[in-house]
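A.B. asks: I'd like to ask you about the structure that follows.
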Amino acid sequence: MLVPSKWLRELVDYDITDEELAKRLTMAGTQLEAFQRSDDGELVFDFDIMPNRPDCLSIVGIAREASAVTGKPLVLPEVTVREGERTAGDMTSVAVEDAGLCPRYIARIIYDVKVGPSPLWMQRRLQACGVRPINNVVDITNYVMLELNQPLHAFDYDLLSENRIIVRRARPGERIVTLDGEERPLDHDVLVIADATRPVAIAGVMGGLESEVRDDSRTILLESANFDRVSIWRTSRRLKLRTEASTRFEKGLDPNNARLGADRACQLMEELGVGKVARGAVDIYPSPEEPKVFTLRSGRIGRLLGIDISADEIAEILGRLSMSVERLGDHEGLGEHDLRVTVPTFRRDISGEADFVEEVARIHGYERINASMLTGAVPEREPGRARRLMGLVRDIVRGCGFSEAITFSFTSPKMFDVLRLPQDSPCRDAIAIMNPLTEEQSIMRTTLLGSMLEVLELNISRGNRDVAVFELGRRFLKDSREPSGCKERETLAGAAMGSLSIPSWGVARREVDFYDIKGVIEELLSRMGVRGFAFERCDHPSFHPGRCARVVLGGTGSGGTELGVFGELHPEVRAGMGFPGRPYLFELDLDELVRVADPAGHVRPLPRHPSVVRDIAVIAVKDLPCEAIEEAIRSVGGDLVEDVRLFDVYEGSQIPEGHRSLAFSVTYRAQDRTLTDEEVNAIWSQVRDKLVAGLGVSVRQ
């Protein structure tokens with residue numbers, strides 16, 4: 001925000017240097033970016049205005065702050081309008097079809113207009129503020145916008161069909177040529193200012209070329225309005241059209257300021273000889289906004305700031321900020337030093353006690369608040385079970401060689417196509433963001449796999465091809481049973497590519513494979529104390545066919561609960577993203593994992609009796625999972641089977657086609673005695689019969 005010092009001094013006659021004023025304003029939250037010089041050598045402040053303070057996007061707004069930090073009175077321009085004989089209500093009418101998007105619309109008429117250059121003093125002030133002078137009509141509207149923070153627009157009255165205004169949403173197929181000469185398509189979400197037949201302006205953004213003020217214009221319809229900030233924000237980004245007006249409207253302006261802006265512009269047009277002002281105005285304001293009233297406890301403000309400050313001083317500070325303060329007595333039951341504060345409608349950022357504490361602190365002076373030590377006992381941090389277990393998950397996955405990543409919860413709908421998700425996939429039913437920054441961040445993610453791919457892609461672009469990352473984040477799923485319509489699921493996702501270890505002498509380079517990821521998941525679940533998990537072959541559109549598995553709790557098949565999925569990235573996805581290697585990814589439901597976890601250590605005494613180890617080799621069809629054979633062995637042996645371990649897989653000429661040989665080492669042990677060969681042989685015989693009869697395998701002799 002550019003503010004010429006001479007213009008500022010007309011409103012606040014401060015007796016300190018410009019440099020000292022800039023320092024005080026910066027300390028109070030209105031930060032100075034730099035000093036500039038206008039073409040005629042005048043000093044110009046360049047302020048960085050915070051998004052929550054749109055009232056400071058004007059000379060008067062900065063002057064209010066300067067008055068507050070210096071204690072000097074604020075002198076606002078006196079606005080009186082000399083009106084002519086004609087009446088605005090007889091010359092035009094205004095219809096607002098959507099009051100939610102346009103809370104207030106004012107139309108004033110200026111007739112017998114003479115369009116020409118504006119006075120030199122006005123041109124110089126506009127140029128000092130970075131605005132190019134055009135003509136006296138347009139320059140006055142820009143001048144008032146800079147002075148009072150009320151965007152205005154002037155229409156050529158004679159170019160408006162039926163000389164009237166309709167504020168409505170755009171209709172299908174409508175288009176408009178804006179003042180920059182570009183033809184822009186409109187849709188139902190765009191609010192337009194229209195005449196009886198067509199749009200003549202994009203509300204709050206830019207006017208239309210067909211109704212602009214020309215050198216031969218003789219009557220002007222002046223618009224001063226207030227628009228819904230979200231609507232203007234969306235329209236500006238949808239049309240890729242950002243203006244001084246849209247910048248202000250999208251931050252939220254005071255509808256009660258619209259009449260002052262219109263009258264100030266009419267005053268200048270009459271005083272500068274631009275034309276005569278018609279009597280009255282057409283003012284559509286169905287729901288006037290009232291100032292907000294708060295009750296404050298002055299003692300609490302002092303306690304929160306850690307300073308000794310009286311109610312009188314608090315009242316004086318708030319008064320310097322244009323707030324009306326009333327002292328309340330004991331008879332109202334609120335305490336002797338309590339205050340009732342009426343906040344002007346232009347301070348739209350004030351909503352509660354914390355805001356008043358901040359206002360008092362910044363005007364009182366942060367540098368005057370002394371540092372002090374905390375008193376009392378510091379409460380001990382007591383994280384809940386879920387948080388403790390999530391911390392343990394982080395430690396375990398880090399211990400497996402993975403680095404933690406943090407990514408956005410937003411993503412693009414295009415990511416579903418990248419992941420090859422079918423059109424009927426539940427993951428495609430994502431929650432749309434009302435005000436997305438970009439199309440690439442327009443929905444809430446329903447899976448973290450896309451985020452992992454983006455991390456891999458970023459690493460590859462930086463020349464890092466050995467990557468192992470994980471993230472603990474949230475997925476956002478639609479759920480009508482939730483009050484918000486959304487269910488958030490804590491999720492653990494990871495990705496690995498290249499080598500997990502650094503090659504050195506005696507250690508050859510080895511690319512990560514399917515079993516590395518399986519081992520990480522096994523380590524995680526075992527350390528978390530999860531019992532009864534298994535791996536089951538599955539198909540997933542994002543993973544390589546045949547190199548993908550799901551993690552199941554409580555038994556395989558339809559009877560188990562799916563915990564997650566992992567595997568090698570599908571070749572089409574890999575080729576589409578240009579990955580040089582074979583990435584492997586996993587995604588686990590962390591909420592479910594935490595629910596079944598039991599990481600407490602269980603101590604077992606060392607075995608007192610020796611074990612007996614027997615090997616068994618079977619020939620089975622390739623589609624038969626190894627887990628099925630292991631489960632059959634354990635089901636027969638019961639507690640006497642201490643361990644079952646696969647140690648050999650063979651396919652060759654001696655094995656029938658479509659089959660493979662699987663060799664298992666089975667460890668038997670009893671806790672109360674030494675097993676005899678007869679007992680082990682009996683169990684082995686039962687295992688063999690179970691495998692042959694139940695699974696259809698043959699036992700190799």
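Identifiers for the structure tokens are assigned positionally: chains receive A, B, ... in sequence, residues are indexed from 1 per chain, and ligands are indexed from 1 in the order shown.
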Applying 12 Å and only C-alpha atoms, which residues near A:Leu74 remain after dropping the ones on its own chain fewer than 6 positions away? List them as an NGL selection string.
C.D. replies: :A and (8-14 or 59-68 or 319-322)
A.B. asks: Among the residues of stretch 224-322 of chain A, find those DSSP assigns to strand (DSSP E) from the backbone and print them as a list in words.
C.D. replies: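 Going through stretch 224-322 of chain A, the strand (DSSP E) residues come out as Ser224, Ala225, Asn226, Lys276, Val277, Ala278, Arg279, Val282, Asp283, Ile284, Lys292, Val293, Phe294, Thr295, Leu296 and Arg297 of chain A.
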A.B. asks: Write a file of the just-selected residues containing all heavy atoms, as a compact mmCIF listing (two decimals), in the first residue's frame.
C.D. replies:
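That gives us again.txt:
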```txt
# COMPACT_ATOMS: atom_id res chain seq x y z
N SER A 224 -21.54 2.35 -6.21
CA SER A 224 -20.80 2.12 -4.97
C SER A 224 -21.50 0.97 -4.27
O SER A 224 -22.65 1.10 -3.85
CB SER A 224 -20.80 3.37 -4.09
OG SER A 224 -20.10 3.13 -2.88
N ALA A 225 -20.83 -0.16 -4.17
CA ALA A 225 -21.51 -1.37 -3.73
C ALA A 225 -20.64 -2.16 -2.76
O ALA A 225 -19.48 -1.84 -2.51
CB ALA A 225 -21.89 -2.23 -4.94
N ASN A 226 -21.25 -3.21 -2.22
CA ASN A 226 -20.54 -4.15 -1.38
C ASN A 226 -20.89 -5.56 -1.84
O ASN A 226 -22.07 -5.85 -2.06
CB ASN A 226 -20.93 -3.97 0.09
CG ASN A 226 -20.11 -4.83 1.02
OD1 ASN A 226 -20.52 -5.94 1.37
ND2 ASN A 226 -18.94 -4.35 1.42
N LYS A 276 -23.13 17.93 -12.63
CA LYS A 276 -24.09 18.19 -11.57
C LYS A 276 -24.56 16.86 -10.98
O LYS A 276 -24.76 15.89 -11.72
CB LYS A 276 -25.28 18.97 -12.11
CG LYS A 276 -24.91 20.34 -12.67
CD LYS A 276 -26.13 21.04 -13.24
CE LYS A 276 -25.77 22.40 -13.83
NZ LYS A 276 -26.96 23.08 -14.42
N VAL A 277 -24.77 16.84 -9.68
CA VAL A 277 -25.15 15.62 -8.98
C VAL A 277 -26.66 15.59 -8.79
O VAL A 277 -27.25 16.55 -8.24
CB VAL A 277 -24.44 15.51 -7.62
CG1 VAL A 277 -24.83 14.22 -6.90
CG2 VAL A 277 -22.93 15.59 -7.80
N ALA A 278 -27.30 14.53 -9.24
CA ALA A 278 -28.73 14.37 -9.05
C ALA A 278 -29.05 14.18 -7.58
O ALA A 278 -28.25 13.61 -6.81
CB ALA A 278 -29.25 13.20 -9.86
N ARG A 279 -30.22 14.68 -7.18
CA ARG A 279 -30.62 14.58 -5.79
C ARG A 279 -30.87 13.13 -5.37
O ARG A 279 -31.48 12.35 -6.09
CB ARG A 279 -31.88 15.40 -5.54
CG ARG A 279 -31.63 16.90 -5.47
CD ARG A 279 -32.92 17.64 -5.15
NE ARG A 279 -33.89 17.49 -6.24
CZ ARG A 279 -35.20 17.55 -6.06
NH1 ARG A 279 -35.71 17.69 -4.84
NH2 ARG A 279 -36.02 17.43 -7.09
N VAL A 282 -30.19 5.85 -5.29
CA VAL A 282 -30.90 4.57 -5.21
C VAL A 282 -30.03 3.65 -4.36
O VAL A 282 -28.96 3.22 -4.80
CB VAL A 282 -31.15 3.98 -6.61
CG1 VAL A 282 -31.89 2.64 -6.47
CG2 VAL A 282 -31.94 4.94 -7.46
N ASP A 283 -30.47 3.39 -3.16
CA ASP A 283 -29.66 2.64 -2.18
C ASP A 283 -30.41 1.37 -1.78
O ASP A 283 -31.41 1.42 -1.06
CB ASP A 283 -29.39 3.52 -0.96
CG ASP A 283 -28.39 2.91 0.01
OD1 ASP A 283 -28.05 1.71 -0.16
OD2 ASP A 283 -27.95 3.61 0.94
N ILE A 284 -29.94 0.22 -2.25
CA ILE A 284 -30.53 -1.08 -1.92
C ILE A 284 -29.70 -1.70 -0.79
O ILE A 284 -28.57 -2.14 -1.02
CB ILE A 284 -30.57 -2.01 -3.14
CG1 ILE A 284 -31.23 -1.31 -4.33
CG2 ILE A 284 -31.29 -3.30 -2.79
CD1 ILE A 284 -32.66 -0.89 -4.09
N LYS A 292 -20.75 -4.32 16.21
CA LYS A 292 -20.72 -5.37 17.23
C LYS A 292 -20.38 -4.76 18.60
O LYS A 292 -19.55 -3.85 18.69
CB LYS A 292 -19.70 -6.44 16.85
CG LYS A 292 -20.08 -7.24 15.62
CD LYS A 292 -19.02 -8.27 15.25
CE LYS A 292 -17.79 -7.60 14.67
NZ LYS A 292 -16.82 -8.60 14.14
N VAL A 293 -21.02 -5.31 19.63
CA VAL A 293 -20.82 -4.81 20.99
C VAL A 293 -20.27 -5.95 21.85
O VAL A 293 -20.79 -7.07 21.83
CB VAL A 293 -22.14 -4.28 21.58
CG1 VAL A 293 -21.91 -3.77 23.00
CG2 VAL A 293 -22.72 -3.17 20.70
N PHE A 294 -19.21 -5.64 22.61
CA PHE A 294 -18.56 -6.63 23.46
C PHE A 294 -18.45 -6.08 24.88
O PHE A 294 -18.34 -4.86 25.09
CB PHE A 294 -17.15 -6.96 22.96
CG PHE A 294 -17.11 -7.55 21.58
CD1 PHE A 294 -17.07 -6.72 20.46
CD2 PHE A 294 -17.13 -8.92 21.39
CE1 PHE A 294 -17.02 -7.25 19.19
CE2 PHE A 294 -17.09 -9.47 20.12
CZ PHE A 294 -17.04 -8.63 19.01
N THR A 295 -18.47 -6.98 25.84
CA THR A 295 -18.22 -6.63 27.23
C THR A 295 -16.87 -7.19 27.64
O THR A 295 -16.62 -8.39 27.48
CB THR A 295 -19.32 -7.18 28.15
OG1 THR A 295 -20.58 -6.64 27.74
CG2 THR A 295 -19.06 -6.80 29.59
N LEU A 296 -16.00 -6.32 28.16
CA LEU A 296 -14.64 -6.72 28.50
C LEU A 296 -14.39 -6.54 29.99
O LEU A 296 -14.93 -5.62 30.62
CB LEU A 296 -13.62 -5.86 27.72
CG LEU A 296 -13.68 -5.89 26.20
CD1 LEU A 296 -12.61 -4.99 25.63
CD2 LEU A 296 -13.51 -7.31 25.69
N ARG A 297 -13.55 -7.42 30.52
CA ARG A 297 -13.06 -7.29 31.88
C ARG A 297 -11.64 -6.75 31.79
O ARG A 297 -10.73 -7.46 31.36
CB ARG A 297 -13.11 -8.62 32.61
CG ARG A 297 -14.54 -9.17 32.75
CD ARG A 297 -14.56 -10.46 33.57
NE ARG A 297 -15.91 -11.00 33.66
CZ ARG A 297 -16.81 -10.60 34.57
NH1 ARG A 297 -16.47 -9.67 35.45
NH2 ARG A 297 -18.01 -11.12 34.60
```
A.B. asks: Within 12 Å of stretch 403-415 of chain A, which residues of stretch 545-587 of chain A show up? Give each one with its shortest atom-to-atom distance in Å (one decimal) and the two atoms involved, counting only C-alpha atoms, rows by chain then rising residue number, as JSON lines.
C.D. replies:
```
{"residue": "A:Val573", "atom": "CA", "partner": "A:Met415", "partner_atom": "CA", "distance": 10.6}
{"residue": "A:Gly576", "atom": "CA", "partner": "A:Met415", "partner_atom": "CA", "distance": 11.7}
{"residue": "A:Met577", "atom": "CA", "partner": "A:Met415", "partner_atom": "CA", "distance": 11.2}
```
A.B. asks: Store the residues picked out above, limited to N, CA and C atoms, as a PDB file, in the first residue's frame.
C.D. replies:
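Heads up, here's the output in out22.pdb:
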```pdb
ATOM      1  N   VAL A 573       1.922 -46.740 -14.473  1.00  0.00           N
ATOM      2  CA  VAL A 573       2.115 -45.572 -13.616  1.00  0.00           C
ATOM      3  C   VAL A 573       3.586 -45.178 -13.597  1.00  0.00           C
ATOM      4  N   GLY A 576       4.450 -43.540 -16.877  1.00  0.00           N
ATOM      5  CA  GLY A 576       3.829 -42.232 -17.008  1.00  0.00           C
ATOM      6  C   GLY A 576       4.529 -41.158 -16.200  1.00  0.00           C
ATOM      7  N   MET A 577       5.110 -41.527 -15.070  1.00  0.00           N
ATOM      8  CA  MET A 577       5.795 -40.555 -14.230  1.00  0.00           C
ATOM      9  C   MET A 577       7.296 -40.525 -14.473  1.00  0.00           C
TER      10      MET A 577
END
```
A.B. asks: Could you check the closest approach to A:Glu183 for each of A:Leu646, A:Ile134, A:Val612, A:Ala201 and tell me which residue wins, using only C-alpha atoms?
C.D. replies: A:Ala201
A.B. asks: So that I can see what lies close to stretch 105-109 of chain A, please list as number ranges by chain the residues with an atom at most 10 Å from it, counting only C-alpha atoms and leaving out residues fewer than 4 positions away in the same chain.
C.D. replies: A: 86-89, 91-96, 99, 152-155, 157, 164-165, 167, 219-227, 255, 258-259, 261-263, 265-266, 275-286
A.B. asks: Pick out the residues sitting within 12 Å of A:Gly302, and hand them over as a list in words; count only C-alpha atoms, and ignore anything fewer than 3 positions along from it in its own chain.
C.D. replies: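 Using only C-alpha atoms, the neighbours found are Leu296, Arg297, Ser298, Gly299, Leu305, Gly306, Ile307, Asp308, Ile309, Ser310, Ala311, Glu313, Ile314, His337, Ala354, Phe356, Val357, Glu358, Val360, Ala361, His364 and Ile369 of chain A.
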A.B. asks: Would you export the selected residues with N, CA and C atoms as a compact mmCIF listing (two decimals), in the first residue's frame, please?
C.D. replies:
```txt
# COMPACT_ATOMS: atom_id res chain seq x y z
N LEU A 296 -16.00 -6.32 28.16
CA LEU A 296 -14.64 -6.72 28.50
C LEU A 296 -14.39 -6.54 29.99
N ARG A 297 -13.55 -7.42 30.52
CA ARG A 297 -13.06 -7.29 31.88
C ARG A 297 -11.64 -6.75 31.79
N SER A 298 -11.48 -5.52 32.16
CA SER A 298 -10.18 -4.86 32.01
C SER A 298 -9.09 -5.56 32.81
N GLY A 299 -9.44 -6.08 33.99
CA GLY A 299 -8.43 -6.77 34.79
C GLY A 299 -7.90 -8.00 34.10
N LEU A 305 -1.81 -10.03 29.51
CA LEU A 305 -0.61 -9.39 28.97
C LEU A 305 0.54 -9.39 29.96
N GLY A 306 0.24 -9.64 31.22
CA GLY A 306 1.29 -9.63 32.23
C GLY A 306 1.75 -8.23 32.59
N ILE A 307 0.84 -7.25 32.48
CA ILE A 307 1.20 -5.86 32.80
C ILE A 307 0.14 -5.27 33.71
N ASP A 308 0.51 -4.17 34.37
CA ASP A 308 -0.43 -3.44 35.22
C ASP A 308 -0.99 -2.29 34.39
N ILE A 309 -2.20 -2.44 33.91
CA ILE A 309 -2.81 -1.43 33.06
C ILE A 309 -4.22 -1.17 33.55
N SER A 310 -4.58 0.10 33.66
CA SER A 310 -5.86 0.47 34.25
C SER A 310 -6.96 0.41 33.20
N ALA A 311 -8.21 0.40 33.71
CA ALA A 311 -9.36 0.41 32.81
C ALA A 311 -9.41 1.69 32.01
N GLU A 313 -6.87 3.46 30.95
CA GLU A 313 -5.89 3.40 29.87
C GLU A 313 -6.37 2.49 28.75
N ILE A 314 -7.00 1.37 29.12
CA ILE A 314 -7.55 0.48 28.09
C ILE A 314 -8.62 1.19 27.29
N HIS A 337 -14.73 -2.18 37.04
CA HIS A 337 -13.84 -1.75 35.97
C HIS A 337 -14.14 -2.42 34.64
N ALA A 354 -9.63 -12.11 22.68
CA ALA A 354 -8.23 -12.19 22.27
C ALA A 354 -7.86 -11.05 21.34
N PHE A 356 -9.14 -7.99 21.36
CA PHE A 356 -8.96 -6.76 22.15
C PHE A 356 -7.64 -6.79 22.90
N VAL A 357 -7.24 -7.95 23.39
CA VAL A 357 -5.95 -8.06 24.07
C VAL A 357 -4.83 -7.67 23.11
N GLU A 358 -4.93 -8.14 21.87
CA GLU A 358 -3.90 -7.80 20.88
C GLU A 358 -3.91 -6.31 20.57
N VAL A 360 -4.86 -3.80 22.48
CA VAL A 360 -4.28 -3.06 23.60
C VAL A 360 -2.76 -3.24 23.62
N ALA A 361 -2.29 -4.45 23.38
CA ALA A 361 -0.85 -4.72 23.44
C ALA A 361 -0.09 -3.93 22.39
N HIS A 364 -0.36 -0.08 23.21
CA HIS A 364 0.40 0.18 24.45
C HIS A 364 1.90 0.07 24.18
N ILE A 369 6.18 -4.14 27.38
CA ILE A 369 5.77 -5.33 28.14
C ILE A 369 7.03 -6.08 28.56
```
A.B. asks: Give me, as a list of chain:residue names, all polymer residues having an atom no more than 8 Å from A:Leu524, counting only C-alpha atoms and skipping those fewer than 3 positions away in the same chain.
C.D. replies: A:Val393, A:Ile396, A:Val397, A:Val520, A:Ile521, A:Arg527, A:Met528
A.B. asks: Restricted to all heavy atoms, what would the selected residues look like written as a PDB file, in the first residue's frame?
C.D. replies:
```
ATOM      1  N   VAL A 393       5.174 -45.921  16.098  1.00  0.00           N
ATOM      2  CA  VAL A 393       5.182 -46.255  14.667  1.00  0.00           C
ATOM      3  C   VAL A 393       6.282 -45.477  13.954  1.00  0.00           C
ATOM      4  O   VAL A 393       7.040 -46.034  13.139  1.00  0.00           O
ATOM      5  CB  VAL A 393       3.798 -45.951  14.047  1.00  0.00           C
ATOM      6  CG1 VAL A 393       3.880 -46.021  12.518  1.00  0.00           C
ATOM      7  CG2 VAL A 393       2.750 -46.928  14.559  1.00  0.00           C
ATOM      8  N   ILE A 396       9.673 -46.991  14.744  1.00  0.00           N
ATOM      9  CA  ILE A 396       9.919 -48.293  14.110  1.00  0.00           C
ATOM     10  C   ILE A 396      10.244 -48.121  12.628  1.00  0.00           C
ATOM     11  O   ILE A 396      11.200 -48.713  12.120  1.00  0.00           O
ATOM     12  CB  ILE A 396       8.692 -49.213  14.296  1.00  0.00           C
ATOM     13  CG1 ILE A 396       8.505 -49.545  15.785  1.00  0.00           C
ATOM     14  CG2 ILE A 396       8.853 -50.497  13.489  1.00  0.00           C
ATOM     15  CD1 ILE A 396       7.198 -50.252  16.077  1.00  0.00           C
ATOM     16  N   VAL A 397       9.447 -47.317  11.932  1.00  0.00           N
ATOM     17  CA  VAL A 397       9.671 -47.155  10.491  1.00  0.00           C
ATOM     18  C   VAL A 397      10.977 -46.415  10.228  1.00  0.00           C
ATOM     19  O   VAL A 397      11.704 -46.726   9.283  1.00  0.00           O
ATOM     20  CB  VAL A 397       8.473 -46.439   9.839  1.00  0.00           C
ATOM     21  CG1 VAL A 397       8.673 -46.318   8.333  1.00  0.00           C
ATOM     22  CG2 VAL A 397       7.177 -47.197  10.122  1.00  0.00           C
ATOM     23  N   VAL A 520       9.418 -54.737   6.240  1.00  0.00           N
ATOM     24  CA  VAL A 520       9.159 -53.531   7.030  1.00  0.00           C
ATOM     25  C   VAL A 520       7.805 -53.630   7.714  1.00  0.00           C
ATOM     26  O   VAL A 520       7.652 -53.313   8.902  1.00  0.00           O
ATOM     27  CB  VAL A 520       9.226 -52.273   6.130  1.00  0.00           C
ATOM     28  CG1 VAL A 520       8.734 -51.044   6.890  1.00  0.00           C
ATOM     29  CG2 VAL A 520      10.644 -52.049   5.632  1.00  0.00           C
ATOM     30  N   ILE A 521       6.803 -54.085   6.969  1.00  0.00           N
ATOM     31  CA  ILE A 521       5.462 -54.211   7.543  1.00  0.00           C
ATOM     32  C   ILE A 521       5.439 -55.278   8.637  1.00  0.00           C
ATOM     33  O   ILE A 521       4.818 -55.102   9.692  1.00  0.00           O
ATOM     34  CB  ILE A 521       4.444 -54.528   6.435  1.00  0.00           C
ATOM     35  CG1 ILE A 521       4.375 -53.348   5.447  1.00  0.00           C
ATOM     36  CG2 ILE A 521       3.072 -54.816   7.019  1.00  0.00           C
ATOM     37  CD1 ILE A 521       3.504 -53.609   4.245  1.00  0.00           C
ATOM     38  N   ARG A 527       6.468 -55.460  16.198  1.00  0.00           N
ATOM     39  CA  ARG A 527       6.862 -54.557  17.280  1.00  0.00           C
ATOM     40  C   ARG A 527       5.654 -53.891  17.930  1.00  0.00           C
ATOM     41  O   ARG A 527       5.700 -53.542  19.119  1.00  0.00           O
ATOM     42  CB  ARG A 527       7.803 -53.486  16.730  1.00  0.00           C
ATOM     43  CG  ARG A 527       9.175 -53.988  16.290  1.00  0.00           C
ATOM     44  CD  ARG A 527      10.147 -54.023  17.463  1.00  0.00           C
ATOM     45  NE  ARG A 527      10.287 -52.740  18.101  1.00  0.00           N
ATOM     46  CZ  ARG A 527      11.095 -51.760  17.683  1.00  0.00           C
ATOM     47  NH1 ARG A 527      11.842 -51.953  16.590  1.00  0.00           N
ATOM     48  NH2 ARG A 527      11.176 -50.629  18.326  1.00  0.00           N
ATOM     49  N   MET A 528       4.581 -53.699  17.167  1.00  0.00           N
ATOM     50  CA  MET A 528       3.369 -53.089  17.705  1.00  0.00           C
ATOM     51  C   MET A 528       2.511 -54.100  18.449  1.00  0.00           C
ATOM     52  O   MET A 528       1.479 -53.740  19.013  1.00  0.00           O
ATOM     53  CB  MET A 528       2.549 -52.455  16.577  1.00  0.00           C
ATOM     54  CG  MET A 528       3.220 -51.275  15.891  1.00  0.00           C
ATOM     55  SD  MET A 528       3.391 -49.845  16.973  1.00  0.00           S
ATOM     56  CE  MET A 528       1.688 -49.361  17.168  1.00  0.00           C
TER      57      MET A 528
END
```
A.B. asks: If I take atom CA of A:Asp466 and atom CA of A:Phe543, how far is one from the other in Å, to one decimal?
C.D. replies: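 Atom-to-atom, atom CA of A:Asp466 and atom CA of A:Phe543 are spaced 19.8 Å apart.
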A.B. asks: List the neighbours of A:Pro54 out to 7 Å using only C-alpha atoms; skip same-chain residues closer than 5 positions along the sequence, and give me the result as JSON, numbers by chain.
C.D. replies: {"A": [248, 251, 252, 253]}
A.B. asks: Please produce a file of the residues just selected, as a JSON list (two decimals), in the first residue's frame, where the atoms kept are all heavy atoms.
C.D. replies:
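Saved result, out25.json, follows:
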```
[["chain", "number", "residue", "atom", "x", "y", "z"],
["A", 248, "ARG", "N", -9.48, -5.64, -2.85],
["A", 248, "ARG", "CA", -10.13, -5.13, -1.64],
["A", 248, "ARG", "C", -11.39, -5.92, -1.30],
["A", 248, "ARG", "O", -11.59, -6.32, -0.16],
["A", 248, "ARG", "CB", -10.46, -3.64, -1.83],
["A", 248, "ARG", "CG", -9.21, -2.75, -1.78],
["A", 248, "ARG", "CD", -9.50, -1.35, -2.28],
["A", 248, "ARG", "NE", -8.41, -0.44, -1.96],
["A", 248, "ARG", "CZ", -7.26, -0.36, -2.63],
["A", 248, "ARG", "NH1", -7.07, -1.16, -3.69],
["A", 248, "ARG", "NH2", -6.32, 0.47, -2.26],
["A", 251, "LYS", "N", -11.15, -9.37, 0.43],
["A", 251, "LYS", "CA", -10.72, -9.41, 1.84],
["A", 251, "LYS", "C", -11.86, -9.03, 2.78],
["A", 251, "LYS", "O", -11.72, -9.17, 3.99],
["A", 251, "LYS", "CB", -9.52, -8.49, 2.04],
["A", 251, "LYS", "CG", -8.26, -9.02, 1.38],
["A", 251, "LYS", "CD", -7.10, -8.05, 1.54],
["A", 251, "LYS", "CE", -5.81, -8.69, 1.02],
["A", 251, "LYS", "NZ", -5.89, -9.03, -0.40],
["A", 252, "GLY", "N", -12.96, -8.54, 2.23],
["A", 252, "GLY", "CA", -14.12, -8.19, 3.05],
["A", 252, "GLY", "C", -14.15, -6.71, 3.40],
["A", 252, "GLY", "O", -13.32, -6.25, 4.19],
["A", 253, "LEU", "N", -15.09, -5.96, 2.80],
["A", 253, "LEU", "CA", -15.20, -4.52, 3.06],
["A", 253, "LEU", "C", -16.46, -4.22, 3.86],
["A", 253, "LEU", "O", -17.38, -5.03, 3.96],
["A", 253, "LEU", "CB", -15.21, -3.75, 1.74],
["A", 253, "LEU", "CG", -13.94, -3.84, 0.88],
["A", 253, "LEU", "CD1", -14.06, -2.93, -0.33],
["A", 253, "LEU", "CD2", -12.70, -3.49, 1.69]]
```
A.B. asks: Have a look at A:Leu675, A:Met444, A:Val507, A:Val341 and name the one nearest to A:Val613; count only C-alpha atoms.
C.D. replies: A:Leu675
